[in-house]
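Chemist: Input file: my_file-v1.pdb. Contents: PDB, C-alpha atoms.
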MODEL        1
ATOM      1  CA  MET A  26     129.382 -32.244  59.208
ATOM      2  CA  SER A  27     126.590 -31.714  61.709
ATOM      3  CA  ILE A  28     127.532 -28.369  63.255
ATOM      4  CA  PRO A  29     124.473 -26.436  64.518
ATOM      5  CA  LEU A  30     123.363 -23.566  62.275
ATOM      6  CA  ARG A  31     123.900 -20.930  64.981
ATOM      7  CA  GLN A  32     127.484 -22.052  65.526
ATOM      8  CA  SER A  33     128.217 -22.299  61.797
ATOM      9  CA  ALA A  34     126.941 -18.738  61.294
ATOM     10  CA  ARG A  35     128.984 -17.470  64.229
ATOM     11  CA  ILE A  36     132.215 -19.058  62.974
ATOM     12  CA  GLY A  37     131.515 -17.876  59.426
ATOM     13  CA  ALA A  38     131.058 -14.303  60.646
ATOM     14  CA  TYR A  39     134.266 -14.566  62.670
ATOM     15  CA  LEU A  40     136.250 -15.722  59.624
ATOM     16  CA  PHE A  41     134.745 -12.978  57.464
ATOM     17  CA  LYS A  42     135.662 -10.377  60.086
ATOM     18  CA  GLN A  43     139.302 -11.531  60.105
ATOM     19  CA  LYS A  44     139.407 -11.261  56.327
ATOM     20  CA  LEU A  45     137.952  -7.746  56.355
ATOM     21  CA  LYS A  46     140.461  -6.651  58.979
ATOM     22  CA  GLY A  47     143.323  -8.162  56.990
ATOM     23  CA  VAL A  48     144.379 -10.454  59.840
ATOM     24  CA  LYS A  49     146.639 -13.166  58.427
ATOM     25  CA  LYS A  50     146.933 -15.451  61.447
ATOM     26  CA  PHE A  51     144.114 -16.004  63.926
ATOM     27  CA  PRO A  52     142.830 -18.841  66.128
ATOM     28  CA  LEU A  53     139.833 -20.949  65.181
ATOM     29  CA  ILE A  54     139.842 -22.840  68.463
ATOM     30  CA  VAL A  55     142.222 -22.894  71.435
ATOM     31  CA  GLU A  56     143.444 -26.062  73.128
ATOM     32  CA  LEU A  57     143.239 -25.011  76.790
ATOM     33  CA  GLU A  58     145.023 -27.250  79.302
ATOM     34  CA  PRO A  59     144.307 -25.990  82.832
ATOM     35  CA  LEU A  60     146.117 -28.989  84.358
ATOM     36  CA  PHE A  61     148.211 -32.002  83.315
ATOM     37  CA  ALA A  62     147.087 -34.448  86.022
ATOM     38  CA  CYS A  63     144.897 -37.368  84.973
ATOM     39  CA  ASN A  64     143.094 -40.308  86.524
ATOM     40  CA  LEU A  65     144.374 -42.583  83.711
ATOM     41  CA  ALA A  66     147.800 -43.485  82.320
ATOM     42  CA  CYS A  67     147.106 -44.045  78.621
ATOM     43  CA  PRO A  68     150.167 -45.466  76.812
ATOM     44  CA  GLY A  69     149.569 -43.188  73.815
ATOM     45  CA  CYS A  70     149.708 -39.975  75.888
ATOM     46  CA  GLY A  71     152.614 -38.419  77.744
ATOM     47  CA  LYS A  72     150.954 -35.700  79.784
ATOM     48  CA  ILE A  73     151.420 -37.411  83.142
ATOM     49  CA  GLN A  74     155.143 -37.727  82.480
ATOM     50  CA  HIS A  75     155.520 -34.240  83.963
ATOM     51  CA  PRO A  76     157.131 -34.011  87.443
ATOM     52  CA  ALA A  77     154.847 -34.367  90.465
ATOM     53  CA  SER A  78     155.249 -30.667  91.244
ATOM     54  CA  VAL A  79     153.743 -29.814  87.836
ATOM     55  CA  LEU A  80     150.980 -32.403  88.075
ATOM     56  CA  LYS A  81     149.789 -30.780  91.306
ATOM     57  CA  GLN A  82     149.280 -27.389  89.658
ATOM     58  CA  ARG A  83     145.861 -26.051  88.640
ATOM     59  CA  MET A  84     145.391 -23.010  86.413
ATOM     60  CA  PRO A  85     143.438 -20.181  88.081
ATOM     61  CA  VAL A  86     140.077 -19.301  86.514
ATOM     62  CA  GLU A  87     141.191 -15.764  85.736
ATOM     63  CA  GLN A  88     144.276 -16.991  83.884
ATOM     64  CA  ALA A  89     142.327 -19.495  81.780
ATOM     65  CA  VAL A  90     139.618 -17.018  80.804
ATOM     66  CA  GLY A  91     142.149 -14.240  80.254
ATOM     67  CA  ALA A  92     144.096 -16.321  77.716
ATOM     68  CA  ILE A  93     140.956 -16.943  75.658
ATOM     69  CA  GLU A  94     139.943 -13.295  75.780
ATOM     70  CA  GLU A  95     143.460 -12.256  74.780
ATOM     71  CA  CYS A  96     143.472 -14.287  71.562
ATOM     72  CA  GLY A  97     139.782 -13.797  70.704
ATOM     73  CA  ALA A  98     139.088 -17.381  69.608
ATOM     74  CA  PRO A  99     135.377 -18.216  69.231
ATOM     75  CA  MET A 100     135.830 -21.831  70.392
ATOM     76  CA  VAL A 101     137.698 -23.519  73.239
ATOM     77  CA  SER A 102     138.626 -27.163  73.685
ATOM     78  CA  ILE A 103     139.419 -27.821  77.351
ATOM     79  CA  ALA A 104     141.739 -30.769  77.746
ATOM     80  CA  GLY A 105     144.515 -31.892  80.068
ATOM     81  CA  GLY A 106     145.100 -34.263  81.799
ATOM     82  CA  GLU A 107     141.573 -34.826  82.947
ATOM     83  CA  PRO A 108     139.724 -31.471  83.255
ATOM     84  CA  LEU A 109     137.206 -32.824  85.762
ATOM     85  CA  MET A 110     140.052 -33.133  88.293
ATOM     86  CA  HIS A 111     140.295 -29.317  88.301
ATOM     87  CA  PRO A 112     138.318 -28.036  91.325
ATOM     88  CA  GLN A 113     137.104 -24.936  89.431
ATOM     89  CA  ILE A 114     136.542 -26.411  85.987
ATOM     90  CA  ASP A 115     132.820 -25.671  86.182
ATOM     91  CA  GLU A 116     133.576 -21.997  86.845
ATOM     92  CA  ILE A 117     135.993 -21.857  83.905
ATOM     93  CA  VAL A 118     133.262 -23.265  81.683
ATOM     94  CA  ARG A 119     130.647 -20.842  83.035
ATOM     95  CA  GLN A 120     132.864 -17.834  82.480
ATOM     96  CA  LEU A 121     133.651 -18.854  78.898
ATOM     97  CA  ILE A 122     129.990 -19.513  78.101
ATOM     98  CA  LYS A 123     129.135 -16.120  79.629
ATOM     99  CA  ARG A 124     131.421 -14.662  76.963
ATOM    100  CA  LYS A 125     129.590 -16.707  74.296
ATOM    101  CA  LYS A 126     132.532 -18.977  73.574
ATOM    102  CA  TYR A 127     131.750 -22.464  72.295
ATOM    103  CA  VAL A 128     133.240 -24.826  74.872
ATOM    104  CA  TYR A 129     134.174 -28.468  74.348
ATOM    105  CA  LEU A 130     135.153 -30.219  77.569
ATOM    106  CA  CYS A 131     137.321 -33.243  76.711
ATOM    107  CA  THR A 132     137.140 -36.069  79.230
ATOM    108  CA  ASN A 133     137.568 -39.815  79.645
ATOM    109  CA  ALA A 134     134.156 -39.501  81.401
ATOM    110  CA  LEU A 135     134.956 -41.725  84.373
ATOM    111  CA  LEU A 136     134.530 -38.765  86.746
ATOM    112  CA  LEU A 137     131.593 -37.273  84.846
ATOM    113  CA  PRO A 138     128.771 -38.811  86.952
ATOM    114  CA  LYS A 139     130.361 -37.356  90.101
ATOM    115  CA  HIS A 140     130.620 -33.829  88.694
ATOM    116  CA  ILE A 141     127.789 -33.482  86.165
ATOM    117  CA  HIS A 142     125.581 -31.641  88.670
ATOM    118  CA  LYS A 143     127.996 -28.695  88.490
ATOM    119  CA  PHE A 144     127.188 -28.058  84.812
ATOM    120  CA  GLU A 145     124.106 -26.997  82.876
ATOM    121  CA  PRO A 146     123.138 -27.769  79.272
ATOM    122  CA  SER A 147     123.853 -24.889  76.907
ATOM    123  CA  PRO A 148     124.040 -24.397  73.134
ATOM    124  CA  TYR A 149     127.589 -23.185  73.853
ATOM    125  CA  PHE A 150     128.688 -26.353  75.670
ATOM    126  CA  ALA A 151     129.405 -29.972  74.776
ATOM    127  CA  TRP A 152     131.079 -32.887  76.488
ATOM    128  CA  VAL A 153     133.708 -34.583  74.319
ATOM    129  CA  VAL A 154     134.259 -38.150  75.514
ATOM    130  CA  HIS A 155     137.293 -40.083  74.335
ATOM    131  CA  ILE A 156     136.273 -43.431  72.872
ATOM    132  CA  ASP A 157     139.159 -45.256  71.196
ATOM    133  CA  GLY A 158     137.397 -48.406  70.062
ATOM    134  CA  LEU A 159     134.855 -50.876  71.352
ATOM    135  CA  GLU A 160     135.221 -52.366  74.819
ATOM    136  CA  GLU A 161     138.365 -54.480  74.546
ATOM    137  CA  ARG A 162     140.211 -52.019  72.315
ATOM    138  CA  HIS A 163     139.238 -48.946  74.362
ATOM    139  CA  ASP A 164     140.179 -50.543  77.678
ATOM    140  CA  GLU A 165     143.553 -51.424  76.183
ATOM    141  CA  ALA A 166     144.040 -47.864  74.901
ATOM    142  CA  VAL A 167     143.335 -46.317  78.311
ATOM    143  CA  ASP A 168     144.987 -49.143  80.247
ATOM    144  CA  LYS A 169     141.945 -49.633  82.453
ATOM    145  CA  LYS A 170     139.446 -52.469  82.539
ATOM    146  CA  GLY A 171     135.926 -51.080  82.666
ATOM    147  CA  GLY A 172     136.974 -47.804  81.056
ATOM    148  CA  PHE A 173     134.684 -48.331  78.069
ATOM    149  CA  GLN A 174     131.596 -49.236  80.083
ATOM    150  CA  GLY A 175     132.207 -46.300  82.402
ATOM    151  CA  ALA A 176     132.441 -43.899  79.468
ATOM    152  CA  VAL A 177     129.334 -45.310  77.802
ATOM    153  CA  GLU A 178     127.256 -45.014  80.972
ATOM    154  CA  ALA A 179     128.460 -41.444  81.435
ATOM    155  CA  ILE A 180     127.458 -40.575  77.852
ATOM    156  CA  LYS A 181     123.989 -42.002  78.444
ATOM    157  CA  LEU A 182     123.682 -40.039  81.678
ATOM    158  CA  ALA A 183     124.719 -36.769  80.066
ATOM    159  CA  LYS A 184     122.343 -37.304  77.132
ATOM    160  CA  SER A 185     119.483 -38.042  79.531
ATOM    161  CA  LYS A 186     120.075 -34.701  81.234
ATOM    162  CA  GLY A 187     119.922 -32.753  77.988
ATOM    163  CA  PHE A 188     123.618 -32.202  77.333
ATOM    164  CA  LYS A 189     125.188 -32.269  73.907
ATOM    165  CA  VAL A 190     127.703 -35.125  73.820
ATOM    166  CA  ASN A 191     130.431 -35.559  71.227
ATOM    167  CA  THR A 192     133.164 -38.168  71.027
ATOM    168  CA  ASN A 193     136.789 -38.134  69.960
ATOM    169  CA  SER A 194     138.411 -41.339  68.692
ATOM    170  CA  THR A 195     142.104 -41.819  67.983
ATOM    171  CA  PHE A 196     143.164 -44.692  65.737
ATOM    172  CA  PHE A 197     146.543 -46.458  65.721
ATOM    173  CA  ASN A 198     148.394 -48.736  63.306
ATOM    174  CA  ASN A 199     146.927 -51.825  64.973
ATOM    175  CA  ASP A 200     143.389 -50.650  64.136
ATOM    176  CA  THR A 201     141.758 -52.086  61.030
ATOM    177  CA  PRO A 202     139.243 -50.351  58.749
ATOM    178  CA  GLN A 203     136.579 -52.662  60.178
ATOM    179  CA  ALA A 204     137.509 -51.609  63.720
ATOM    180  CA  VAL A 205     137.018 -47.972  62.700
ATOM    181  CA  ILE A 206     133.667 -48.828  61.123
ATOM    182  CA  ASP A 207     132.506 -50.808  64.149
ATOM    183  CA  VAL A 208     133.198 -48.098  66.728
ATOM    184  CA  LEU A 209     131.772 -45.263  64.608
ATOM    185  CA  ASP A 210     128.672 -47.311  63.776
ATOM    186  CA  TYR A 211     128.184 -47.924  67.494
ATOM    187  CA  LEU A 212     128.629 -44.283  68.452
ATOM    188  CA  ASN A 213     126.512 -42.993  65.570
ATOM    189  CA  ASP A 214     123.682 -45.524  65.475
ATOM    190  CA  GLU A 215     123.416 -47.205  68.878
ATOM    191  CA  LEU A 216     124.735 -44.641  71.353
ATOM    192  CA  GLY A 217     123.421 -41.674  69.340
ATOM    193  CA  VAL A 218     126.137 -39.156  70.157
ATOM    194  CA  ASP A 219     125.691 -35.735  68.595
ATOM    195  CA  GLN A 220     128.985 -35.507  66.714
ATOM    196  CA  MET A 221     132.109 -37.600  66.294
ATOM    197  CA  MET A 222     135.703 -36.488  65.827
ATOM    198  CA  ILE A 223     138.387 -38.822  64.544
ATOM    199  CA  SER A 224     142.154 -38.571  64.406
ATOM    200  CA  PRO A 225     145.098 -40.692  63.301
ATOM    201  CA  ALA A 226     147.448 -41.309  66.204
ATOM    202  CA  TYR A 227     150.243 -38.759  66.154
ATOM    203  CA  ALA A 228     153.814 -39.379  67.278
ATOM    204  CA  TYR A 229     153.552 -37.658  70.642
ATOM    205  CA  GLU A 230     157.130 -37.465  71.903
ATOM    206  CA  LYS A 231     156.517 -38.322  75.570
ATOM    207  CA  ALA A 232     154.041 -41.158  74.982
ATOM    208  CA  PRO A 233     155.199 -44.436  76.586
ATOM    209  CA  ASP A 234     154.034 -46.436  73.531
ATOM    210  CA  GLN A 235     156.037 -45.347  70.480
ATOM    211  CA  ASP A 236     155.314 -48.439  68.379
ATOM    212  CA  HIS A 237     151.756 -47.872  67.178
ATOM    213  CA  PHE A 238     151.663 -44.430  65.595
ATOM    214  CA  LEU A 239     150.372 -44.232  62.026
ATOM    215  CA  GLY A 240     152.390 -43.134  59.026
ATOM    216  CA  VAL A 241     150.889 -41.037  56.228
ATOM    217  CA  THR A 242     150.395 -43.971  53.842
ATOM    218  CA  GLN A 243     148.850 -46.095  56.595
ATOM    219  CA  THR A 244     146.505 -43.279  57.604
ATOM    220  CA  ARG A 245     145.246 -42.749  54.065
ATOM    221  CA  GLU A 246     144.707 -46.455  53.506
ATOM    222  CA  LEU A 247     142.904 -46.884  56.831
ATOM    223  CA  PHE A 248     140.405 -44.077  56.291
ATOM    224  CA  LYS A 249     139.928 -44.689  52.579
ATOM    225  CA  LYS A 250     138.683 -48.187  53.374
ATOM    226  CA  ALA A 251     136.688 -47.111  56.443
ATOM    227  CA  PHE A 252     134.934 -44.320  54.513
ATOM    228  CA  ALA A 253     133.883 -46.622  51.662
ATOM    229  CA  ASN A 254     130.299 -47.752  50.922
ATOM    230  CA  GLY A 255     128.737 -44.464  52.016
ATOM    231  CA  ASN A 256     129.920 -44.651  55.633
ATOM    232  CA  ARG A 257     131.475 -41.208  55.584
ATOM    233  CA  LYS A 258     128.212 -39.528  54.543
ATOM    234  CA  ARG A 259     126.175 -41.519  57.028
ATOM    235  CA  TRP A 260     128.247 -40.775  60.140
ATOM    236  CA  ARG A 261     127.769 -37.506  62.049
ATOM    237  CA  LEU A 262     131.405 -36.472  61.770
ATOM    238  CA  ASN A 263     132.431 -33.107  63.178
ATOM    239  CA  HIS A 264     134.959 -32.318  60.443
ATOM    240  CA  SER A 265     135.015 -30.304  57.260
ATOM    241  CA  PRO A 266     134.629 -32.395  54.060
ATOM    242  CA  LEU A 267     138.071 -31.254  52.915
ATOM    243  CA  PHE A 268     139.708 -32.556  56.095
ATOM    244  CA  LEU A 269     138.063 -35.930  55.525
ATOM    245  CA  ASP A 270     139.322 -35.795  51.920
ATOM    246  CA  PHE A 271     142.768 -35.153  53.383
ATOM    247  CA  LEU A 272     142.578 -38.160  55.706
ATOM    248  CA  GLU A 273     141.829 -40.563  52.873
ATOM    249  CA  GLY A 274     144.369 -39.069  50.494
ATOM    250  CA  LYS A 275     142.089 -37.229  48.068
ATOM    251  CA  LYS A 276     143.641 -33.893  49.053
ATOM    252  CA  ASP A 277     146.951 -32.807  50.504
ATOM    253  CA  PHE A 278     147.527 -29.704  52.596
ATOM    254  CA  GLN A 279     150.241 -27.826  54.416
ATOM    255  CA  CYS A 280     149.984 -27.522  58.182
ATOM    256  CA  THR A 281     148.340 -24.418  59.673
ATOM    257  CA  ALA A 282     149.590 -24.825  63.233
ATOM    258  CA  TRP A 283     148.608 -21.288  64.256
ATOM    259  CA  GLY A 284     144.935 -22.097  63.620
ATOM    260  CA  ILE A 285     144.591 -24.171  66.818
ATOM    261  CA  PRO A 286     147.089 -22.799  69.349
ATOM    262  CA  SER A 287     147.651 -24.399  72.741
ATOM    263  CA  TYR A 288     147.659 -22.654  76.111
ATOM    264  CA  SER A 289     148.676 -24.510  79.275
ATOM    265  CA  LEU A 290     150.167 -23.979  82.713
ATOM    266  CA  PHE A 291     153.448 -23.103  80.980
ATOM    267  CA  GLY A 292     151.940 -20.490  78.644
ATOM    268  CA  TRP A 293     151.404 -20.465  74.866
ATOM    269  CA  GLN A 294     153.146 -23.488  73.353
ATOM    270  CA  ARG A 295     155.147 -23.372  70.117
ATOM    271  CA  PRO A 296     154.045 -24.436  67.562
ATOM    272  CA  CYS A 297     151.171 -26.732  68.660
ATOM    273  CA  TYR A 298     150.200 -29.005  71.525
ATOM    274  CA  LEU A 299     151.942 -31.993  69.900
ATOM    275  CA  MET A 300     155.371 -30.351  69.748
ATOM    276  CA  ASN A 301     157.229 -28.359  72.354
ATOM    277  CA  ASP A 302     159.636 -25.764  71.002
ATOM    278  CA  GLY A 303     159.201 -23.540  74.008
ATOM    279  CA  TYR A 304     156.552 -21.336  75.568
ATOM    280  CA  VAL A 305     155.746 -17.625  75.522
ATOM    281  CA  LYS A 306     153.639 -15.520  77.863
ATOM    282  CA  THR A 307     151.322 -13.792  75.393
ATOM    283  CA  TYR A 308     149.351 -14.797  72.325
ATOM    284  CA  ARG A 309     150.787 -11.883  70.384
ATOM    285  CA  GLU A 310     154.303 -13.089  71.103
ATOM    286  CA  LEU A 311     153.345 -16.597  69.966
ATOM    287  CA  ILE A 312     152.062 -15.343  66.619
ATOM    288  CA  GLU A 313     154.721 -12.739  65.943
ATOM    289  CA  THR A 314     157.868 -14.560  67.077
ATOM    290  CA  THR A 315     157.212 -18.139  65.896
ATOM    291  CA  ASP A 316     158.664 -19.170  62.532
ATOM    292  CA  TRP A 317     155.504 -20.911  61.332
ATOM    293  CA  ASP A 318     156.916 -21.621  57.867
ATOM    294  CA  LYS A 319     159.412 -24.150  59.182
ATOM    295  CA  TYR A 320     156.758 -26.585  60.450
ATOM    296  CA  GLY A 321     154.753 -29.264  58.659
ATOM    297  CA  ARG A 322     155.391 -32.382  56.601
ATOM    298  CA  GLY A 323     158.402 -31.944  54.366
ATOM    299  CA  LYS A 324     159.769 -29.145  56.538
ATOM    300  CA  ASP A 325     160.345 -30.589  60.006
ATOM    301  CA  GLU A 326     161.262 -34.242  60.502
ATOM    302  CA  ARG A 327     159.036 -34.449  63.582
ATOM    303  CA  CYS A 328     156.038 -33.573  61.416
ATOM    304  CA  SER A 329     156.703 -36.232  58.773
ATOM    305  CA  ASN A 330     153.875 -38.580  59.806
ATOM    306  CA  CYS A 331     151.488 -36.037  61.305
ATOM    307  CA  MET A 332     147.981 -35.691  59.882
ATOM    308  CA  ALA A 333     146.413 -34.429  63.100
ATOM    309  CA  HIS A 334     143.417 -32.112  63.102
ATOM    310  CA  CYS A 335     145.261 -29.397  65.065
ATOM    311  CA  GLY A 336     147.394 -28.605  62.015
ATOM    312  CA  TYR A 337     145.293 -29.672  59.062
ATOM    313  CA  GLU A 338     141.671 -28.995  59.995
ATOM    314  CA  PRO A 339     142.348 -25.217  60.028
ATOM    315  CA  THR A 340     143.876 -25.511  56.563
ATOM    316  CA  ALA A 341     140.806 -27.368  55.357
ATOM    317  CA  VAL A 342     138.440 -24.820  56.927
ATOM    318  CA  LEU A 343     140.266 -21.896  55.330
ATOM    319  CA  ALA A 344     140.280 -23.677  51.966
ATOM    320  CA  THR A 345     136.543 -24.289  52.331
ATOM    321  CA  THR A 346     135.699 -20.663  53.083
ATOM    322  CA  SER A 347     137.840 -19.514  50.139
ATOM    323  CA  SER A 348     135.805 -21.584  47.681
ATOM    324  CA  LEU A 349     132.104 -21.155  46.926
ATOM    325  CA  LYS A 350     131.966 -24.739  45.658
ATOM    326  CA  GLU A 351     133.491 -26.149  48.852
ATOM    327  CA  SER A 352     131.366 -23.892  51.052
ATOM    328  CA  LEU A 353     128.203 -25.189  49.411
ATOM    329  CA  ARG A 354     129.495 -28.741  49.734
ATOM    330  CA  ALA A 355     130.100 -28.237  53.460
ATOM    331  CA  MET A 356     126.597 -26.786  53.902
ATOM    332  CA  ARG A 357     125.033 -29.761  52.112
ATOM    333  CA  GLY A 358     127.041 -32.102  54.347
TER
ENDMDL
END
Could you render the structure from this file as structure tokens?
Modeler:
Amino acid sequence: MSIPLRQSARIGAYLFKQKLKGVKKFPLIVELEPLFACNLACPGCGKIQHPASVLKQRMPVEQAVGAIEECGAPMVSIAGGEPLMHPQIDEIVRQLIKRKKYVYLCTNALLLPKHIHKFEPSPYFAWVVHIDGLEERHDEAVDKKGGFQGAVEAIKLAKSKGFKVNTNSTFFNNDTPQAVIDVLDYLNDELGVDQMMISPAYAYEKAPDQDHFLGVTQTRELFKKAFANGNRKRWRLNHSPLFLDFLEGKKDFQCTAWGIPSYSLFGWQRPCYLMNDGYVKTYRELIETTDWDKYGRGKDERCSNCMAHCGYEPTAVLATTSSLKESLRAMRG
């Protein structure tokens, strides 16, 4: 991991506070979706399948900030859709930073050059650009020629202006270990992004392409081979060591879906942003009225091939903080 010391200390203090208070379920980071509209139609995502009336909606600033204050999460991942299509996204970010929340703005980056002047570098803010392979593979994943070059130029622009820039890469069953190595080498060594997040493609129900999601065995084999020869230690991966162990099959965990809840135009989503078992108006209602024990691999058929970070990274983080050995290992990483 390459999380800044200030942020690591802040999250550690937050976790310790929850333990002292005896809180059993609490958010590590919230997936905030202030809109579903997007400027792309990626075959592996189903967000733009919503009706036109929904795609036109934009979450008010007060509602977005209020949801984060309600749950008390120290970190926020703003997604969508494409957040930069929201006319007040810069104000949402400013208000969250004002409250000392760590904000990750997820974007395909094609609109970033047009809107970057609205934002300022901050230790509480990072762009997270989706890069799903090198040029040919990425353009295929986002169904847009020139998507890769546009994202790369935007990353360079943001870096030149002093912003922290992370990436998020999703891998499918038509990706090889070498393809994983090639894109992460490029991002780590040539493009010099600050941190990289990786995820096996999850079976998102509304995605137009249902043929290329990874199964558990495929995921473990893919990352075991990609992480070989010291690659895992060399890359600036923004994941706990135990989550990376989980991806390559060295560890197995149960899902902790409540650790990264999702809030959108419809409210708090049960149980996570990948599954839709209804919405509730308040965070308290989400936590207290959701049967969390019925979700996860071996419990719900829809979860059978899921190894996504939204369910398993929280488990890995909690396991790390419960073990002195793993905590020291994470610090060394």
Chemist: Give me, as a JSON list (two decimals) with C-alpha atoms, in the coordinates of the input, all polymer residues having an atom no more than 7 Å from A:Pro296, counting all atoms listed in the file and skipping those fewer than 5 positions away in the same chain.
Modeler:
[["chain", "number", "residue", "atom", "x", "y", "z"],
["A", 282, "ALA", "CA", 149.59, -24.82, 63.23],
["A", 301, "ASN", "CA", 157.23, -28.36, 72.35],
["A", 302, "ASP", "CA", 159.64, -25.76, 71.00]]
Chemist: By how many Å are atom CA of A:Leu135 and atom CA of A:Lys169 apart?
Modeler: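 Atom-to-atom, atom CA of A:Leu135 and atom CA of A:Lys169 are spaced 10.7 Å apart.
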Chemist: A:Val79, A:Leu247, A:Ala89, A:Leu40: which is nearest A:Glu58, counting all atoms listed in the file?
Modeler: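 So, comparing all the options, the nearest one is A:Ala89.
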Chemist: For atom CA of A:Phe173 and atom CA of A:Ala226, determine how far apart the two atoms are, in Å to one decimal place.
Modeler: 18.8 Å
Chemist: Give me the residues within 12 Å of A:Tyr127 as a ChimeraX atom specification, counting only C-alpha atoms and dropping any in the same chain fewer than 2 places off.
Modeler: /A:28-29,31-33,35-36,53-55,93,97-103,118-125,129-130,147-152,189
Chemist: Could you check which of A:Gln174, A:Ser289, A:Gln203, A:Asn330 is closest to A:Thr244, using only C-alpha atoms?
Modeler: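 For A:Thr244, the nearest of the given residues is A:Asn330.
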Chemist: Which of these residues is nearest to A:Ser329, using all atoms listed in the file: A:Asn64, A:Asn133, A:Gln279, A:Thr195?
Modeler: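 Looking at the shortest contact to A:Ser329, the residue is A:Gln279.
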Chemist: Name the residues captured by the PyMOL selection byres ((chain A and resi 260-277) around 8) when it is applied to the shown file; answer as number ranges by chain.
Modeler: A: 26-28, 209-210, 213, 219-223, 244-249, 256-259, 278-279, 332, 334, 337-338, 341-342, 344-345, 351, 354-355, 358
Chemist: For those residues, write C-alpha atoms to a file as an mmCIF file, in the coordinates of the input.
Modeler:
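Contents of out.cif, freshly written:
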data_model
loop_
_atom_site.group_PDB
_atom_site.id
_atom_site.type_symbol
_atom_site.label_atom_id
_atom_site.label_comp_id
_atom_site.auth_asym_id
_atom_site.auth_seq_id
_atom_site.Cartn_x
_atom_site.Cartn_y
_atom_site.Cartn_z
ATOM 1 C CA MET A 26 129.382 -32.244 59.208
ATOM 2 C CA SER A 27 126.590 -31.714 61.709
ATOM 3 C CA ILE A 28 127.532 -28.369 63.255
ATOM 4 C CA LEU A 209 131.772 -45.263 64.608
ATOM 5 C CA ASP A 210 128.672 -47.311 63.776
ATOM 6 C CA ASN A 213 126.512 -42.993 65.570
ATOM 7 C CA ASP A 219 125.691 -35.735 68.595
ATOM 8 C CA GLN A 220 128.985 -35.507 66.714
ATOM 9 C CA MET A 221 132.109 -37.600 66.294
ATOM 10 C CA MET A 222 135.703 -36.488 65.827
ATOM 11 C CA ILE A 223 138.387 -38.822 64.544
ATOM 12 C CA THR A 244 146.505 -43.279 57.604
ATOM 13 C CA ARG A 245 145.246 -42.749 54.065
ATOM 14 C CA GLU A 246 144.707 -46.455 53.506
ATOM 15 C CA LEU A 247 142.904 -46.884 56.831
ATOM 16 C CA PHE A 248 140.405 -44.077 56.291
ATOM 17 C CA LYS A 249 139.928 -44.689 52.579
ATOM 18 C CA ASN A 256 129.920 -44.651 55.633
ATOM 19 C CA ARG A 257 131.475 -41.208 55.584
ATOM 20 C CA LYS A 258 128.212 -39.528 54.543
ATOM 21 C CA ARG A 259 126.175 -41.519 57.028
ATOM 22 C CA PHE A 278 147.527 -29.704 52.596
ATOM 23 C CA GLN A 279 150.241 -27.826 54.416
ATOM 24 C CA MET A 332 147.981 -35.691 59.882
ATOM 25 C CA HIS A 334 143.417 -32.112 63.102
ATOM 26 C CA TYR A 337 145.293 -29.672 59.062
ATOM 27 C CA GLU A 338 141.671 -28.995 59.995
ATOM 28 C CA ALA A 341 140.806 -27.368 55.357
ATOM 29 C CA VAL A 342 138.440 -24.820 56.927
ATOM 30 C CA ALA A 344 140.280 -23.677 51.966
ATOM 31 C CA THR A 345 136.543 -24.289 52.331
ATOM 32 C CA GLU A 351 133.491 -26.149 48.852
ATOM 33 C CA ARG A 354 129.495 -28.741 49.734
ATOM 34 C CA ALA A 355 130.100 -28.237 53.460
ATOM 35 C CA GLY A 358 127.041 -32.102 54.347
#
Chemist: Report as a short mmCIF file (atom, residue, chain, number, x, y, z; two decimals) with C-alpha atoms, in the coordinates of the input all protein, DNA and RNA residues lying within 10 Å of A:Leu65, evaluated on only C-alpha atoms, omitting residues in the same chain fewer than 3 positions from it.
Modeler:
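Contents of around-v1.cif, as written:
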data_model
loop_
_atom_site.label_atom_id
_atom_site.label_comp_id
_atom_site.auth_asym_id
_atom_site.auth_seq_id
_atom_site.Cartn_x
_atom_site.Cartn_y
_atom_site.Cartn_z
CA ALA A 62 147.09 -34.45 86.02
CA PRO A 68 150.17 -45.47 76.81
CA CYS A 70 149.71 -39.98 75.89
CA ILE A 73 151.42 -37.41 83.14
CA GLY A 106 145.10 -34.26 81.80
CA GLU A 107 141.57 -34.83 82.95
CA ASN A 133 137.57 -39.82 79.64
CA LEU A 135 134.96 -41.72 84.37
CA VAL A 167 143.34 -46.32 78.31
CA ASP A 168 144.99 -49.14 80.25
CA LYS A 169 141.94 -49.63 82.45
CA GLY A 172 136.97 -47.80 81.06
#
Chemist: For the structure provided, state which residues fall under the PyMOL selection byres ((chain A and resi 311) around 9), and present them as a CSV table (one decimal) with C-alpha atoms, keeping the file's coordinate frame.
Modeler:
chain,number,residue,atom,x,y,z
A,283,TRP,CA,148.6,-21.3,64.3
A,286,PRO,CA,147.1,-22.8,69.3
A,293,TRP,CA,151.4,-20.5,74.9
A,294,GLN,CA,153.1,-23.5,73.4
A,295,ARG,CA,155.1,-23.4,70.1
A,296,PRO,CA,154.0,-24.4,67.6
A,304,TYR,CA,156.6,-21.3,75.6
A,305,VAL,CA,155.7,-17.6,75.5
A,306,LYS,CA,153.6,-15.5,77.9
A,307,THR,CA,151.3,-13.8,75.4
A,308,TYR,CA,149.4,-14.8,72.3
A,309,ARG,CA,150.8,-11.9,70.4
A,310,GLU,CA,154.3,-13.1,71.1
A,312,ILE,CA,152.1,-15.3,66.6
A,313,GLU,CA,154.7,-12.7,65.9
A,314,THR,CA,157.9,-14.6,67.1
A,315,THR,CA,157.2,-18.1,65.9
Chemist: Mind giving me the straight-line distance from atom CA of A:Ile206 to atom CA of A:Phe252 in Å, one decimal?
Modeler: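 Calculated distance between atom CA of A:Ile206 and atom CA of A:Phe252 is 8.1 Å.
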